[in-house]
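File shown: upload13.cif. Contents: mmCIF, C-alpha atoms.
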```cif
data_data
loop_
_atom_site.label_atom_id
_atom_site.label_comp_id
_atom_site.auth_asym_id
_atom_site.auth_seq_id
_atom_site.Cartn_x
_atom_site.Cartn_y
_atom_site.Cartn_z
CA MET A 1 87.97 84.15 116.56
CA THR A 2 89.69 82.52 113.58
CA LYS A 3 92.96 83.61 111.97
CA THR A 4 91.18 84.98 108.93
CA GLN A 5 88.81 86.93 111.16
CA ILE A 6 91.77 88.55 112.89
CA ILE A 7 93.31 89.48 109.53
CA ALA A 8 89.95 90.88 108.38
CA LYS A 9 89.69 92.83 111.64
CA THR A 10 93.13 94.34 111.06
CA ILE A 11 92.30 95.32 107.49
CA LEU A 12 89.00 96.86 108.62
CA THR A 13 90.78 98.83 111.34
CA VAL A 14 93.35 100.21 108.89
CA LEU A 15 90.63 101.01 106.34
CA GLY A 16 88.64 102.79 109.07
CA ILE A 17 91.63 105.03 109.84
CA TYR A 18 92.15 105.66 106.13
CA ALA A 19 88.44 106.53 105.77
CA VAL A 20 88.57 109.08 108.61
CA VAL A 21 91.71 110.74 107.19
CA THR A 22 90.30 110.85 103.65
CA LEU A 23 86.82 112.02 104.65
CA TYR A 24 88.19 115.02 106.55
CA GLN A 25 90.63 115.75 103.74
CA PHE A 26 87.73 116.22 101.34
CA TYR A 27 85.32 117.81 103.85
CA PRO A 28 82.98 119.85 101.58
CA GLY A 29 82.58 122.77 104.02
CA GLN A 30 86.11 124.05 103.46
CA TYR A 31 85.54 124.42 99.71
CA VAL A 32 82.24 126.27 100.23
CA CYS A 33 83.92 128.69 102.66
CA SER A 34 86.77 129.40 100.26
CA ARG A 35 84.20 130.79 97.78
CA GLU A 36 81.87 132.72 100.11
CA GLU A 37 81.86 134.41 103.53
CA PRO A 38 81.67 131.77 106.31
CA HIS A 39 78.62 131.75 108.57
CA ILE A 40 79.78 130.57 112.00
CA LEU A 41 76.58 128.80 113.11
CA ARG A 42 76.17 127.05 109.75
CA GLU A 43 79.81 125.93 109.75
CA ILE A 44 79.62 124.57 113.31
CA LEU A 45 76.41 122.72 112.50
CA SER A 46 77.67 121.21 109.24
CA LEU A 47 80.99 120.22 110.82
CA SER A 48 79.14 118.58 113.73
CA VAL A 49 76.89 116.56 111.41
CA PHE A 50 79.89 115.54 109.34
CA THR A 51 81.85 114.60 112.47
CA VAL A 52 78.98 112.41 113.71
CA PHE A 53 79.05 110.58 110.35
CA VAL A 54 82.84 110.14 110.49
CA VAL A 55 82.69 108.94 114.11
CA LEU A 56 80.08 106.35 113.14
CA VAL A 57 82.28 105.12 110.28
CA ALA A 58 85.29 104.92 112.59
CA TYR A 59 83.28 103.22 115.34
CA PHE A 60 81.97 100.42 113.15
CA MET A 61 85.14 99.95 111.09
CA SER A 62 87.94 100.45 113.60
CA PHE A 63 86.43 99.85 117.05
CA LYS A 64 83.37 97.58 117.03
CA ASN A 65 84.36 95.55 113.97
CA ASN A 66 84.14 92.01 115.39
CA TRP A 67 80.72 91.31 113.88
CA LEU A 68 81.74 92.77 110.50
CA ALA A 69 84.94 90.67 110.45
CA SER A 70 82.96 87.52 111.27
CA LYS A 71 80.42 88.35 108.54
CA ILE A 72 83.19 88.81 105.96
CA THR A 73 85.15 85.66 106.72
CA GLY A 74 82.50 83.22 107.89
CA PRO A 75 83.06 80.25 110.22
CA GLY A 76 86.41 78.54 110.70
CA GLU A 77 88.69 76.86 113.18
CA GLN A 78 88.51 78.81 116.45
CA LEU A 79 91.80 79.77 118.11
CA THR A 80 92.46 79.33 121.79
CA GLN A 81 92.28 82.38 124.01
CA GLN A 82 96.06 82.67 124.26
CA THR A 83 96.77 82.23 120.55
CA GLN A 84 93.99 84.61 119.60
CA MET A 85 95.43 87.33 121.78
CA VAL A 86 98.96 86.92 120.42
CA TRP A 87 97.70 86.89 116.82
CA LEU A 88 95.51 89.92 117.43
CA ILE A 89 98.30 92.00 118.96
CA LYS A 90 100.82 91.12 116.25
CA SER A 91 98.42 91.49 113.38
CA LEU A 92 97.02 94.83 114.57
CA ARG A 93 100.48 96.17 115.29
CA ILE A 94 101.77 95.32 111.81
CA GLY A 95 98.69 96.87 110.18
CA LEU A 96 98.80 100.03 112.27
CA VAL A 97 102.55 100.56 111.78
CA PHE A 98 101.99 100.22 108.05
CA ALA A 99 99.17 102.80 108.19
CA GLY A 100 101.39 105.09 110.25
CA LEU A 101 104.30 104.87 107.81
CA MET A 102 102.02 105.61 104.88
CA LEU A 103 100.56 108.62 106.72
CA LEU A 104 104.05 109.84 107.64
CA GLY A 105 104.88 110.28 103.96
CA ARG A 106 101.97 112.70 103.69
CA SER A 107 102.58 114.41 107.06
CA LEU A 108 106.23 115.33 106.64
CA PRO A 109 105.54 118.86 105.30
CA THR A 110 103.31 119.48 108.36
CA ILE A 111 106.01 118.30 110.76
CA MET A 112 108.44 120.66 109.03
CA LYS A 113 105.96 123.54 109.31
CA ILE A 114 105.50 122.83 113.03
CA SER A 115 109.29 122.95 113.47
CA LYS A 116 109.38 126.26 111.58
CA THR A 117 106.66 127.68 113.86
CA PHE A 118 109.04 127.55 116.84
CA PHE A 119 111.20 130.18 115.14
CA LEU A 120 108.18 132.45 114.68
CA ILE A 121 107.04 132.37 118.32
CA GLY A 122 109.35 135.27 119.27
CA SER A 123 107.96 137.64 116.64
CA ALA A 124 104.38 136.56 117.51
CA PHE A 125 104.94 137.53 121.17
CA ASP A 126 106.39 140.85 120.02
CA ASP A 127 103.22 141.52 118.03
CA ILE A 128 101.06 140.85 121.09
CA ALA A 129 103.21 142.62 123.70
CA ILE A 130 104.51 145.64 121.81
CA TYR A 131 101.99 146.32 119.05
CA LYS A 132 98.93 144.92 120.92
CA SER A 133 97.79 143.21 117.75
CA ILE A 134 97.04 139.66 116.71
CA PRO A 135 100.19 138.04 115.23
CA LYS A 136 100.21 137.89 111.44
CA VAL A 137 100.78 134.14 111.46
CA LEU A 138 97.44 133.67 113.23
CA ILE A 139 95.41 135.75 110.78
CA LEU A 140 94.05 132.95 108.65
CA SER A 141 90.77 132.19 106.95
CA TYR A 142 88.45 129.41 108.13
CA PRO A 143 89.56 126.90 105.42
CA GLU A 144 93.22 127.61 106.28
CA TRP A 145 92.58 127.02 109.99
CA PHE A 146 90.71 123.82 109.12
CA ARG A 147 93.59 122.64 106.92
CA HIS A 148 96.24 123.41 109.56
CA ILE A 149 94.35 121.66 112.37
CA TYR A 150 93.65 118.68 110.10
CA ASN A 151 97.32 118.39 109.09
CA PHE A 152 98.46 118.72 112.70
CA LEU A 153 96.11 115.97 113.92
CA LYS A 154 97.11 113.76 110.98
CA ALA A 155 100.80 114.16 111.85
CA ILE A 156 100.11 113.24 115.50
CA LEU A 157 98.06 110.22 114.38
CA ALA A 158 100.92 109.11 112.08
CA LEU A 159 103.45 109.29 114.91
CA TYR A 160 101.12 107.46 117.32
CA LEU A 161 100.54 104.68 114.79
CA ILE A 162 104.27 104.34 114.07
CA CYS A 163 104.79 103.86 117.81
CA GLY A 164 102.45 100.86 117.53
CA ALA A 165 99.30 102.45 119.04
CA PRO A 166 99.67 100.45 122.31
CA HIS A 167 96.56 101.85 124.05
CA PHE A 168 94.36 101.17 121.07
CA ILE A 169 95.65 97.58 120.75
CA ARG A 170 95.16 97.00 124.46
CA TRP A 171 91.59 98.25 124.12
CA GLN A 172 91.00 95.96 121.12
CA VAL A 173 92.35 92.95 123.02
CA LYS A 174 90.11 93.71 126.00
CA HIS A 175 87.10 93.90 123.69
CA SER A 176 87.86 90.77 121.68
CA PRO A 177 85.19 88.02 121.99
CA HIS A 178 87.38 85.48 123.80
CA TYR A 179 88.61 87.99 126.36
CA GLU A 180 85.08 89.13 127.20
CA LEU A 181 83.92 85.50 127.35
CA GLY A 182 86.78 84.68 129.72
CA LYS A 183 85.83 87.57 131.97
CA VAL A 184 82.20 86.43 132.15
CA GLN A 185 83.26 82.86 133.00
CA THR A 186 85.57 84.01 135.81
CA MET B 1 110.28 77.33 100.22
CA ASN B 2 108.52 78.03 103.50
CA LYS B 3 105.42 80.04 104.38
CA ILE B 4 107.28 83.29 105.01
CA HIS B 5 108.67 83.24 101.48
CA SER B 6 105.28 82.54 99.97
CA PHE B 7 103.82 85.40 102.01
CA ALA B 8 106.68 87.73 101.03
CA LYS B 9 106.24 86.85 97.35
CA VAL B 10 102.53 87.62 97.48
CA VAL B 11 103.14 90.96 99.20
CA LEU B 12 105.90 91.89 96.73
CA ALA B 13 103.65 91.07 93.78
CA ALA B 14 100.95 93.27 95.34
CA ILE B 15 103.47 96.11 95.78
CA GLY B 16 104.53 95.75 92.14
CA ILE B 17 100.95 95.84 90.85
CA PHE B 18 100.11 98.84 93.08
CA PHE B 19 103.06 100.89 91.82
CA ALA B 20 102.49 99.84 88.21
CA ILE B 21 98.93 101.18 88.43
CA ARG B 22 100.12 104.38 90.12
CA ILE B 23 102.79 104.93 87.48
CA ILE B 24 100.34 104.40 84.60
CA ALA B 25 97.86 106.86 86.18
CA ASN B 26 100.44 109.53 86.94
CA MET B 27 102.31 109.19 83.66
CA THR B 28 99.07 109.49 81.71
CA THR B 29 98.36 112.76 83.54
CA LEU B 30 101.88 113.93 82.78
CA ILE B 31 101.62 113.06 79.09
CA SER B 32 98.22 114.75 78.68
CA LEU B 33 99.54 117.84 80.50
CA THR B 34 102.56 118.04 78.21
CA ILE B 35 100.43 117.58 75.09
CA THR B 36 98.00 120.29 76.28
CA MET B 37 100.87 122.71 76.82
CA HIS B 38 102.54 121.89 73.50
CA PRO B 39 99.94 120.50 71.08
CA ASP B 40 102.25 120.95 68.10
CA ALA B 41 104.86 118.70 69.70
CA SER B 42 102.47 115.88 70.59
CA ILE B 43 104.28 113.32 68.40
CA ILE B 44 107.64 114.12 69.96
CA THR B 45 106.02 113.93 73.41
CA ALA B 46 104.61 110.52 72.61
CA VAL B 47 107.94 109.34 71.21
CA ILE B 48 109.74 110.46 74.38
CA TRP B 49 107.20 109.58 77.07
CA PHE B 50 105.75 106.26 75.97
CA PRO B 51 109.08 104.38 75.85
CA LEU B 52 109.87 105.93 79.26
CA LEU B 53 106.53 104.71 80.62
CA GLY B 54 107.17 101.28 79.12
CA LEU B 55 110.65 101.17 80.61
CA CYS B 56 109.35 102.08 84.09
CA LEU B 57 106.68 99.40 83.89
CA ALA B 58 109.16 96.84 82.58
CA VAL B 59 111.58 97.53 85.43
CA ILE B 60 108.78 97.25 88.04
CA CYS B 61 107.41 94.04 86.51
CA TYR B 62 110.91 92.56 86.27
CA ILE B 63 111.80 93.34 89.89
CA PHE B 64 108.47 92.64 91.61
CA LEU B 65 107.05 89.85 89.47
CA TYR B 66 110.00 87.98 87.94
CA LYS B 67 112.76 88.62 90.47
CA ARG B 68 110.53 88.58 93.52
CA GLU B 69 111.96 85.28 94.72
CA TRP B 70 115.41 86.84 94.97
CA LEU B 71 113.87 89.93 96.59
CA ALA B 72 111.94 87.81 99.10
CA LYS B 73 115.17 86.01 100.04
CA TRP B 74 116.88 89.36 100.47
CA ILE B 75 114.12 90.66 102.74
CA VAL B 76 113.22 87.67 104.91
CA GLY B 77 116.48 85.71 104.78
CA THR B 78 117.27 82.21 103.54
CA ASP B 79 114.46 79.79 102.69
CA ALA B 80 116.60 76.75 103.55
CA ILE B 81 114.92 76.42 106.95
CA ALA B 82 111.96 74.08 106.51
CA GLU B 83 109.41 75.89 108.66
CA PRO B 84 110.67 78.38 111.23
CA ASP B 85 109.05 78.99 114.57
CA SER B 86 106.03 80.95 113.44
CA GLN B 87 105.76 83.08 116.55
CA ILE B 88 109.29 84.46 116.29
CA GLN B 89 110.24 84.40 112.58
CA TRP B 90 107.03 85.76 111.13
CA LEU B 91 107.04 88.99 113.01
CA PRO B 92 110.34 90.58 111.81
CA ALA B 93 109.68 89.36 108.27
CA ALA B 94 106.24 90.95 108.24
CA PHE B 95 107.56 94.20 109.71
CA ARG B 96 110.35 94.25 107.13
CA LEU B 97 107.87 93.79 104.31
CA VAL B 98 105.72 96.60 105.69
CA CYS B 99 108.81 98.85 105.86
CA VAL B 100 109.82 98.02 102.28
CA ALA B 101 106.31 98.80 101.01
CA ALA B 102 106.19 102.10 102.96
CA GLY B 103 109.71 102.98 101.77
CA MET B 104 108.70 102.41 98.16
CA TYR B 105 105.73 104.69 98.73
CA CYS B 106 107.99 107.41 100.21
CA LEU B 107 110.45 107.19 97.29
CA TYR B 108 107.63 107.24 94.80
CA THR B 109 106.08 110.31 96.46
CA VAL B 110 109.43 112.15 96.35
CA GLY B 111 110.05 111.14 92.74
CA TRP B 112 106.63 112.24 91.59
CA ASP B 113 106.81 115.51 93.57
CA VAL B 114 110.21 116.36 92.03
CA ILE B 115 108.91 115.68 88.50
CA TYR B 116 105.70 117.63 89.16
CA ARG B 117 107.65 120.65 90.44
CA LEU B 118 110.29 120.58 87.72
CA ILE B 119 107.92 120.37 84.74
CA PRO B 120 106.92 124.10 84.83
CA LEU B 121 110.62 125.04 85.02
CA ILE B 122 111.43 122.87 82.01
CA GLN B 123 108.43 124.26 80.14
CA TYR B 124 109.53 127.80 80.93
CA TYR B 125 113.02 127.24 79.54
CA MET B 126 111.66 125.44 76.50
CA SER B 127 109.25 128.27 75.53
CA LYS B 128 110.52 130.03 72.38
CA SER B 129 108.61 133.29 72.31
CA ASP B 130 110.07 136.12 74.42
CA THR B 131 106.84 138.09 74.95
CA PRO B 132 104.97 135.80 77.38
CA ARG B 133 108.12 134.72 79.20
CA LEU B 134 107.75 137.13 82.11
CA GLY B 135 104.10 136.29 82.81
CA TYR B 136 104.83 132.64 82.23
CA LYS B 137 107.68 132.80 84.73
CA VAL B 138 105.54 134.42 87.43
CA LEU B 139 102.68 132.01 86.84
CA TYR B 140 104.63 128.76 86.72
CA THR B 141 107.92 129.21 88.49
CA ALA B 142 107.03 131.29 91.57
CA ASN B 143 108.15 129.49 94.75
CA ILE B 144 108.82 126.24 92.92
CA LEU B 145 112.16 125.43 94.44
CA ASN B 146 112.68 126.81 97.91
CA ILE B 147 115.03 125.53 100.56
CA GLU B 148 112.16 124.18 102.69
CA GLN B 149 110.95 122.06 99.77
CA ILE B 150 114.42 120.68 99.05
CA ILE B 151 115.02 119.81 102.73
CA GLY B 152 111.63 118.06 102.77
CA TRP B 153 112.61 115.99 99.73
CA LEU B 154 115.97 115.06 101.25
CA ILE B 155 114.39 113.95 104.55
CA MET B 156 111.75 111.96 102.70
CA LEU B 157 114.43 110.43 100.46
CA ALA B 158 116.48 109.42 103.51
CA ILE B 159 113.42 107.88 105.23
CA GLY B 160 112.48 106.08 102.00
CA ILE B 161 115.96 104.60 101.50
CA TYR B 162 116.14 103.54 105.15
CA LEU B 163 112.75 101.82 104.94
CA VAL B 164 113.54 100.11 101.63
CA CYS B 165 116.75 98.77 103.18
CA GLY B 166 114.54 97.01 105.75
CA ALA B 167 114.81 99.57 108.59
CA PRO B 168 116.70 97.12 110.89
CA HIS B 169 116.65 99.31 114.02
CA PHE B 170 113.00 100.19 113.62
CA VAL B 171 112.03 96.53 113.01
CA ARG B 172 114.05 95.38 116.02
CA TRP B 173 112.38 98.01 118.21
CA GLN B 174 108.90 97.11 116.95
CA VAL B 175 109.47 93.36 117.46
CA LYS B 176 110.75 93.97 120.98
CA LYS B 177 107.76 96.16 121.83
CA THR B 178 105.26 93.73 120.28
CA LEU B 179 106.64 90.73 122.17
CA LYS B 180 106.66 92.79 125.36
CA GLN B 181 103.03 93.77 124.82
CA CYS B 182 102.09 90.10 124.19
CA ALA B 183 103.84 89.09 127.42
CA THR B 184 102.12 91.88 129.40
CA SER B 185 98.70 90.95 128.02
CA ASN B 186 99.31 87.28 128.88
CA TYR B 187 100.29 88.24 132.40
CA GLN B 188 97.23 90.48 132.84
CA GLN B 189 94.96 87.77 131.53
CA ASP B 190 96.44 85.16 133.87
CA ALA B 191 96.08 87.57 136.78
CA SER B 192 92.43 88.25 136.01
#
```
Could you take the file, read its structure, and then write that structure out as structure tokens?
Amino acid sequence: MTKTQIIAKTILTVLGIYAVVTLYQFYPGQYVCSREEPHILREILSLSVFTVFVVLVAYFMSFKNNWLASKITGPGEQLTQQTQMVWLIKSLRIGLVFAGLMLLGRSLPTIMKISKTFFLIGSAFDDIAIYKSIPKVLILSYPEWFRHIYNFLKAILALYLICGAPHFIRWQVKHSPHYELGKVQT
Amino acid sequence: MNKIHSFAKVVLAAIGIFFAIRIIANMTTLISLTITMHPDASIITAVIWFPLLGLCLAVICYIFLYKREWLAKWIVGTDAIAEPDSQIQWLPAAFRLVCVAAGMYCLYTVGWDVIYRLIPLIQYYMSKSDTPRLGYKVLYTANILNIEQIIGWLIMLAIGIYLVCGAPHFVRWQVKKTLKQCATSNYQQDAS
């Protein structure tokens, strides 16, 4: 890989994450359900189809993006195995930390809501144990549930990215062309 | 000037252009909203808002386009060194730039959120007629400023200021972790 390919790979990875976050944010199903009564089977089916599409986007942009990066940048001076690995780790880490910090700005209200939830656990248990009823905090519509789960996963993703996403980077390094080539030769 | 400074200058210019575009877009929304609410005061609105918009843009352009050399020196250190060791010096500088950009984004988000929340309050107090005041109050000022919101702003403001200042502890931690990961990967590769 060349240096420009590694930079392109990093940008593609960050854009892939951004695409996943944005696509779920504007998932059309939640707007339909806010206007009419949700149909469980239809919602599961539409969400599954949408998820398959999002997974494909994420797969080709953030995971298997070597071919796309090489198409974008074209040929150049190839780096040695060692240099490529160092560049890849550093470049990906900078890009992912940046993505994480940007996501954190949008996830702060969610983190605060999660903290607030701890104070409501007591009253929720009271509702279940004493009144034998579902706690009020859990009585939400389908779009509200969708929004809460989405925000929760986004907050977790932001924190993971700020920590540098070590597992993801390790996976990327193991699947870089030089690394795989080295493994075949040994 | 070395490569780090050139890189920092490019990134700072990009940050400046990004925020200039965001400010134009958001201010235009704000101006059109104000004019829609008070069509009779559209000239006053224009007289107040357009110089403000111009001032914001001028400040951003001045800092990020004209004074970016000074800013780059402030972020990545002196440019007297001819060409520092790329493996070591590039990493903290890049992390610092990333932190400054994210900090600017945080501060901008807080600033815009505060303005967006305060506009209905200002509009409510500026309305002259007494008859629609009650309905207007319920419609526009319900749950605008609660303690949760204010705490959120303060936390975001603190994070933004810390990041704009270069987030030294965070950058140090990230650099340490990155170099450790590079060393581990090298070791694993040698072992395989």
**Prompt:** Expressed in Å to a single decimal, how great is the separation between CA of Arg170 (chain A) and CA of Trp87 (chain A)?
**Reply:**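 Separation between CA of Arg170 (chain A) and CA of Trp87 (chain A): 12.9 Å.
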**6 Å contacts from chain A to chain B using only C-alpha atoms, as a PyMOL selection string** = chain A and resi 86+98+101-102+105
Selection to disk with C-alpha atoms, as a short mmCIF file (atom, residue, chain, number, x, y, z; two decimals), in the coordinates of the input:
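To be explicit, this is the file written out as selection19.cif:
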```cif
data_model
loop_
_atom_site.label_atom_id
_atom_site.label_comp_id
_atom_site.auth_asym_id
_atom_site.auth_seq_id
_atom_site.Cartn_x
_atom_site.Cartn_y
_atom_site.Cartn_z
CA VAL A 86 98.96 86.92 120.42
CA PHE A 98 101.99 100.22 108.05
CA LEU A 101 104.30 104.87 107.81
CA MET A 102 102.02 105.61 104.88
CA GLY A 105 104.88 110.28 103.96
#
```
**Contacts of Ile15 (chain B) within 8 Å, all atoms listed in the file, excl. fewer than 3 positions in-chain, as a ChimeraX atom specification** = /B:11-12,18-19,64,101
For the residues selected in the previous step, produce a file with C-alpha atoms as an mmCIF file, in the coordinates of the input.
```cif
data_model
loop_
_atom_site.group_PDB
_atom_site.id
_atom_site.type_symbol
_atom_site.label_atom_id
_atom_site.label_comp_id
_atom_site.auth_asym_id
_atom_site.auth_seq_id
_atom_site.Cartn_x
_atom_site.Cartn_y
_atom_site.Cartn_z
ATOM 1 C CA VAL B 11 103.140 90.960 99.200
ATOM 2 C CA LEU B 12 105.900 91.890 96.730
ATOM 3 C CA PHE B 18 100.110 98.840 93.080
ATOM 4 C CA PHE B 19 103.060 100.890 91.820
ATOM 5 C CA PHE B 64 108.470 92.640 91.610
ATOM 6 C CA ALA B 101 106.310 98.800 101.010
#
```
**Request:** With a distance cut-off of 8 Å and only C-alpha atoms, select the neighbouring residues of region 109-114 of chain A, excluding the residue or stretch itself and same-chain residues fewer than 4 positions from it, and output the selection as a list in words.
**Result:**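 Using only C-alpha atoms, the neighbours found are Phe118, Asn151, Phe152 and Ala155 of chain A; Gly152 of chain B.
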Would you export the selected residues with C-alpha atoms as an mmCIF file, keeping the file's coordinate frame, please?
```
data_model
loop_
_atom_site.group_PDB
_atom_site.id
_atom_site.type_symbol
_atom_site.label_atom_id
_atom_site.label_comp_id
_atom_site.auth_asym_id
_atom_site.auth_seq_id
_atom_site.Cartn_x
_atom_site.Cartn_y
_atom_site.Cartn_z
ATOM 1 C CA PHE A 118 109.040 127.550 116.840
ATOM 2 C CA ASN A 151 97.320 118.390 109.090
ATOM 3 C CA PHE A 152 98.460 118.720 112.700
ATOM 4 C CA ALA A 155 100.800 114.160 111.850
ATOM 5 C CA GLY B 152 111.630 118.060 102.770
#
```
**Request:** Work out how far apart CA of Ala13 (chain B) and CA of Arg68 (chain B) are and give it in Å to one decimal.
**Result:** 7.3 Å
**Request:** Tell me which protein, DNA and RNA residues are within 9 Å of Val57 (chain A), counting all atoms listed in the file, leaving out same-chain ones fewer than 6 positions away, and put them as an MDAnalysis selection string.
**Result:** chainID A and resid 16 19:20
**Request:** Take CA of Ile63 (chain B) and CA of Trp49 (chain B) and report the distance between them in Å, one decimal.
**Result:** 21.2 Å
**Prompt:** Tyr160 (chain A): which residues within 12 Å, counting only C-alpha atoms, same-chain residues fewer than 5 positions away excluded, as a ChimeraX atom specification?
**Reply:** /A:93,96-101,103-104,153-155,165-169
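Nearest residue to Ile72 (chain A), choosing from A:Ser141, A:Ser176, A:Thr51, A:Gln5 and counting all atoms listed in the file: A:Gln5.
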**Message:** Can you tell me which residues surround region 74-83 of chain A at a distance of at most 6 Å, considering all atoms listed in the file, apart from same-chain residues fewer than 3 positions away, and format the answer as a PyMOL selection string?
**Reply:** chain A and resi 1-2+70-71+86+178
